[in-house]
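Trainee: My structure is in my_file29.pdb, and what it holds is PDB, C-alpha atoms:
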ATOM      1  CA  MET A1198     -35.752 149.450 148.149
ATOM      2  CA  TYR A1199     -32.743 150.053 145.948
ATOM      3  CA  ALA A1200     -30.500 148.007 143.715
ATOM      4  CA  ILE A1201     -26.754 148.232 143.305
ATOM      5  CA  LEU A1202     -25.592 147.977 139.710
ATOM      6  CA  SER A1203     -21.961 147.403 138.974
ATOM      7  CA  TYR A1204     -21.905 145.811 135.548
ATOM      8  CA  PRO A1205     -21.452 147.157 132.896
ATOM      9  CA  PHE A1206     -20.973 150.418 134.778
ATOM     10  CA  LYS A1207     -17.573 151.629 135.931
ATOM     11  CA  TYR A1208     -19.044 152.727 139.267
ATOM     12  CA  SER A1209     -21.834 151.337 141.393
ATOM     13  CA  TYR A1210     -25.073 153.267 141.324
ATOM     14  CA  TYR A1211     -27.985 153.163 143.711
ATOM     15  CA  ILE A1212     -31.314 153.155 141.994
ATOM     16  CA  HIS A1213     -34.420 153.572 144.071
ATOM     17  CA  LEU A1214     -37.756 152.751 142.562
ATOM     18  CA  SER A1215     -39.620 155.818 143.865
ATOM     19  CA  TYR A1216     -37.110 158.563 142.965
ATOM     20  CA  THR A1217     -35.782 158.817 146.501
ATOM     21  CA  PHE A1218     -32.501 157.422 147.676
ATOM     22  CA  VAL A1219     -32.321 156.076 151.194
ATOM     23  CA  MET A1220     -28.895 156.677 152.689
ATOM     24  CA  ASP A1221     -27.528 155.696 156.090
ATOM     25  CA  ASP A1222     -27.122 159.372 157.051
ATOM     26  CA  PRO A1223     -30.405 161.173 156.273
ATOM     27  CA  LYS A1224     -28.485 164.368 155.497
ATOM     28  CA  ASP A1225     -26.879 162.562 152.571
ATOM     29  CA  ASN A1226     -30.284 162.441 150.872
ATOM     30  CA  TYR A1227     -30.588 166.226 151.057
ATOM     31  CA  ARG A1228     -26.977 166.668 149.958
ATOM     32  CA  LEU A1229     -27.559 164.451 146.929
ATOM     33  CA  TYR A1230     -30.671 166.361 145.864
ATOM     34  CA  MET A1231     -28.919 169.701 146.301
ATOM     35  CA  LYS A1232     -25.751 168.506 144.557
ATOM     36  CA  ASN A1233     -27.885 167.570 141.568
ATOM     37  CA  ALA A1234     -29.750 170.871 141.761
ATOM     38  CA  GLN A1235     -26.472 172.802 141.687
ATOM     39  CA  GLU A1236     -25.088 170.665 138.865
ATOM     40  CA  MET A1237     -28.185 171.327 136.759
ATOM     41  CA  LEU A1238     -27.835 175.056 137.397
ATOM     42  CA  ASP A1239     -24.138 174.966 136.472
ATOM     43  CA  VAL A1240     -24.918 173.115 133.242
ATOM     44  CA  ALA A1241     -27.740 175.572 132.494
ATOM     45  CA  GLU A1242     -25.311 178.479 132.784
ATOM     46  CA  GLU A1243     -22.797 176.685 130.551
ATOM     47  CA  ASN A1244     -25.524 176.001 127.985
ATOM     48  CA  LEU A1245     -26.494 179.656 128.016
ATOM     49  CA  ARG A1246     -22.878 180.738 127.465
ATOM     50  CA  ASN A1247     -22.841 178.413 124.445
ATOM     51  CA  ASP A1248     -26.092 179.912 123.077
ATOM     52  CA  HIS A1249     -28.138 176.774 123.813
ATOM     53  CA  SER A1250     -31.067 178.665 125.294
ATOM     54  CA  ASN A1251     -33.601 175.847 125.235
ATOM     55  CA  SER A1252     -31.203 173.407 126.888
ATOM     56  CA  ALA A1253     -30.294 176.044 129.469
ATOM     57  CA  CYS A1254     -33.949 176.438 130.350
ATOM     58  CA  ASN A1255     -34.396 172.671 130.615
ATOM     59  CA  ARG A1256     -31.457 172.283 132.993
ATOM     60  CA  ALA A1257     -32.545 175.275 135.095
ATOM     61  CA  TYR A1258     -35.937 173.636 135.541
ATOM     62  CA  TYR A1259     -34.366 170.372 136.638
ATOM     63  CA  GLY A1260     -32.313 172.317 139.163
ATOM     64  CA  ILE A1261     -35.453 173.549 140.895
ATOM     65  CA  PHE A1262     -37.083 170.135 140.492
ATOM     66  CA  TYR A1263     -34.239 168.528 142.492
ATOM     67  CA  ALA A1264     -34.228 171.329 145.070
ATOM     68  CA  THR A1265     -37.982 171.003 145.546
ATOM     69  CA  SER A1266     -37.596 167.238 145.826
ATOM     70  CA  ALA A1267     -35.216 167.864 148.743
ATOM     71  CA  LEU A1268     -37.891 169.970 150.435
ATOM     72  CA  LEU A1269     -40.524 167.311 149.889
ATOM     73  CA  TYR A1270     -38.180 164.662 151.264
ATOM     74  CA  SER A1271     -38.212 166.615 154.538
ATOM     75  CA  LYS A1272     -41.937 165.876 154.685
ATOM     76  CA  GLY A1273     -41.455 162.205 153.796
ATOM     77  CA  LYS A1274     -42.759 162.790 150.271
ATOM     78  CA  SER A1275     -41.327 161.764 146.905
ATOM     79  CA  TYR A1276     -42.781 162.245 143.434
ATOM     80  CA  GLY A1277     -41.551 161.533 139.942
ATOM     81  CA  LYS A1278     -44.314 163.373 138.105
ATOM     82  CA  HIS A1279     -43.511 167.041 137.563
ATOM     83  CA  SER A1280     -47.011 168.338 138.188
ATOM     84  CA  ALA A1281     -47.157 166.330 141.421
ATOM     85  CA  VAL A1282     -43.935 167.954 142.670
ATOM     86  CA  LEU A1283     -45.346 171.423 142.069
ATOM     87  CA  ALA A1284     -48.714 170.518 143.638
ATOM     88  CA  ALA A1285     -47.012 169.034 146.706
ATOM     89  CA  PHE A1286     -44.696 172.045 147.022
ATOM     90  CA  ARG A1287     -47.758 174.259 147.109
ATOM     91  CA  GLN A1288     -49.574 172.009 149.577
ATOM     92  CA  TYR A1289     -46.742 171.479 152.044
ATOM     93  CA  PHE A1290     -44.807 174.741 151.752
ATOM     94  CA  ILE A1291     -46.855 177.552 150.208
ATOM     95  CA  LYS A1292     -50.220 176.962 151.882
ATOM     96  CA  THR A1293     -48.498 176.450 155.231
ATOM     97  CA  GLY A1294     -46.635 179.755 154.892
ATOM     98  CA  GLU A1295     -43.178 178.157 155.060
ATOM     99  CA  PHE A1296     -42.420 179.693 151.659
ATOM    100  CA  ASP A1297     -43.854 182.834 150.099
ATOM    101  CA  LYS A1298     -46.191 182.443 147.104
ATOM    102  CA  LYS A1299     -43.496 184.129 144.994
ATOM    103  CA  TRP A1300     -41.580 180.806 144.976
ATOM    104  CA  SER A1301     -44.599 178.928 143.659
ATOM    105  CA  ASP A1302     -45.033 181.535 140.926
ATOM    106  CA  ASP A1303     -41.336 181.292 140.035
ATOM    107  CA  TYR A1304     -41.527 177.493 139.918
ATOM    108  CA  GLU A1305     -44.534 177.653 137.596
ATOM    109  CA  PHE A1306     -42.832 180.270 135.382
ATOM    110  CA  ILE A1307     -39.694 178.137 135.055
ATOM    111  CA  MET A1308     -41.755 174.986 134.466
ATOM    112  CA  ASP A1309     -43.781 176.684 131.722
ATOM    113  CA  SER A1310     -40.589 178.008 130.140
ATOM    114  CA  ARG A1311     -39.127 174.510 130.163
ATOM    115  CA  HIS A1312     -42.271 173.187 128.532
ATOM    116  CA  THR A1313     -41.901 175.735 125.728
ATOM    117  CA  ALA A1314     -38.189 174.985 125.380
ATOM    118  CA  ASP A1315     -38.723 171.226 125.205
ATOM    119  CA  TYR A1316     -41.951 170.856 123.268
ATOM    120  CA  VAL A1317     -42.577 173.922 121.113
ATOM    121  CA  LEU A1318     -39.970 173.139 118.495
ATOM    122  CA  TYR A1319     -40.825 176.027 116.180
ATOM    123  CA  ASP A1320     -40.222 178.565 118.928
ATOM    124  CA  SER A1321     -36.830 178.981 120.577
ATOM    125  CA  LEU A1322     -36.668 180.985 123.771
ATOM    126  CA  GLU A1323     -34.865 184.299 123.566
ATOM    127  CA  LYS A1324     -31.595 184.537 125.449
ATOM    128  CA  GLU A1325     -32.933 187.462 127.509
ATOM    129  CA  ASP A1326     -35.865 185.322 128.660
ATOM    130  CA  VAL A1327     -33.582 182.452 129.620
ATOM    131  CA  ILE A1328     -31.396 184.834 131.620
ATOM    132  CA  ILE A1329     -34.500 185.598 133.697
ATOM    133  CA  VAL A1330     -35.265 181.863 134.057
ATOM    134  CA  LEU A1331     -31.732 181.178 135.284
ATOM    135  CA  ALA A1332     -31.818 184.070 137.742
ATOM    136  CA  LYS A1333     -35.100 182.806 139.199
ATOM    137  CA  ALA A1334     -33.764 179.233 139.366
ATOM    138  CA  ARG A1335     -30.584 180.405 141.097
ATOM    139  CA  GLU A1336     -32.617 182.326 143.698
ATOM    140  CA  PHE A1337     -34.990 179.392 144.191
ATOM    141  CA  ILE A1338     -32.184 176.902 144.786
ATOM    142  CA  GLU A1339     -30.466 179.307 147.178
ATOM    143  CA  GLU A1340     -33.726 179.790 149.113
ATOM    144  CA  VAL A1341     -34.173 176.026 149.441
ATOM    145  CA  LYS A1342     -30.562 175.676 150.581
ATOM    146  CA  LYS A1343     -31.127 178.311 153.294
ATOM    147  CA  TRP A1344     -34.314 176.551 154.441
ATOM    148  CA  LEU A1345     -32.516 173.209 154.703
ATOM    149  CA  GLN A1346     -29.518 174.728 156.509
ATOM    150  CA  LYS A1347     -31.757 176.559 158.985
ATOM    151  CA  ARG A1348     -33.211 173.176 159.938
ATOM    152  CA  ASP A1349     -29.788 171.506 160.046
ATOM    153  CA  LEU A1350     -30.691 169.179 157.189
ATOM    154  CA  LEU A1351     -27.591 169.918 155.105
TER
END
Just give me the structure of the file as structure tokens.

Mentor:
Amino acid sequence: MYAILSYPFKYSYYIHLSYTFVMDDPKDNYRLYMKNAQEMLDVAEENLRNDHSNSACNRAYYGIFYATSALLYSKGKSYGKHSAVLAAFRQYFIKTGEFDKKWSDDYEFIMDSRHTADYVLYDSLEKEDVIIVLAKAREFIEEVKKWLQKRDLL
């Protein structure tokens, strides 16, 4: 399922073909997703401090993408396509009542903001708008973390 690359890289990396790593300890999969989610959020905040609003929005989105991927992993699901992650989140967590619809709305808001930041080159997001995106992303990631901890997955 995965390959180990050591050359020309300084460190070995595991690459899985379906966007999911398979570790000996299943909790390590969740930890890896959430580590990446937190790193993206940290980089988003750094980008914002450096007045890189569009990049901040992009990284905030990827933070929730990784956090949501951790949730989906708990259901045995893995997706690389962004729209599929959102659709699956809604199917497996919103419709079932495990998460409030607010989190789906926040995901969509952040995703749409990222789309504007990445693809609408003539329009840069205002810093005030990105502050809202980051706040929503921070809350989202924290909510996912609580959900995983409650189920002893982290």

Trainee: Near Arg1287 in chain A, counting only C-alpha atoms, which residues have an atom at most 10 Å away, once you skip same-chain residues fewer than 3 positions from it, shown as a PDB file with C-alpha atoms, in the frame of the given file?

Mentor:
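Final output, around-v9.pdb:
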ATOM      1  CA  ALA A1281     -47.157 166.330 141.421  1.00  0.00           C
ATOM      2  CA  VAL A1282     -43.935 167.954 142.670  1.00  0.00           C
ATOM      3  CA  LEU A1283     -45.346 171.423 142.069  1.00  0.00           C
ATOM      4  CA  ALA A1284     -48.714 170.518 143.638  1.00  0.00           C
ATOM      5  CA  PHE A1290     -44.807 174.741 151.752  1.00  0.00           C
ATOM      6  CA  ILE A1291     -46.855 177.552 150.208  1.00  0.00           C
ATOM      7  CA  LYS A1292     -50.220 176.962 151.882  1.00  0.00           C
ATOM      8  CA  THR A1293     -48.498 176.450 155.231  1.00  0.00           C
ATOM      9  CA  GLY A1294     -46.635 179.755 154.892  1.00  0.00           C
ATOM     10  CA  GLU A1295     -43.178 178.157 155.060  1.00  0.00           C
ATOM     11  CA  PHE A1296     -42.420 179.693 151.659  1.00  0.00           C
ATOM     12  CA  ASP A1297     -43.854 182.834 150.099  1.00  0.00           C
ATOM     13  CA  LYS A1298     -46.191 182.443 147.104  1.00  0.00           C
ATOM     14  CA  TRP A1300     -41.580 180.806 144.976  1.00  0.00           C
ATOM     15  CA  SER A1301     -44.599 178.928 143.659  1.00  0.00           C
ATOM     16  CA  ASP A1302     -45.033 181.535 140.926  1.00  0.00           C
TER      17      ASP A1302
END

Trainee: Which residues, protein or nucleic acid, reach to within 12 Å of (-32.2, 179.1, 144.3) in the file's coordinates when using all atoms listed in the file, and can you give that as number ranges by chain?

Mentor: A: 1231, 1234-1235, 1237-1239, 1257-1265, 1300, 1303-1304, 1307, 1330-1345

Trainee: Output the residue selection produced by the PyMOL selection byres ((chain A and resi 1244) around 12) on the file above, formatted as a ChimeraX atom specification.

Mentor: /A:1237-1243,1245-1257,1324,1327-1328,1331

Trainee: Enumerate, as a PyMOL selection string, the residues matched when the PyMOL selection byres ((chain A and resi 1350) around 10) is run on the file above.

Mentor: chain A and resi 1223-1228+1267-1268+1271+1342-1349+1351

Trainee: CA of Glu1305 in chain A and CA of Asp1326 in chain A are how many Å apart?

Mentor: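 CA of Glu1305 in chain A sits 14.6 Å away from CA of Asp1326 in chain A.
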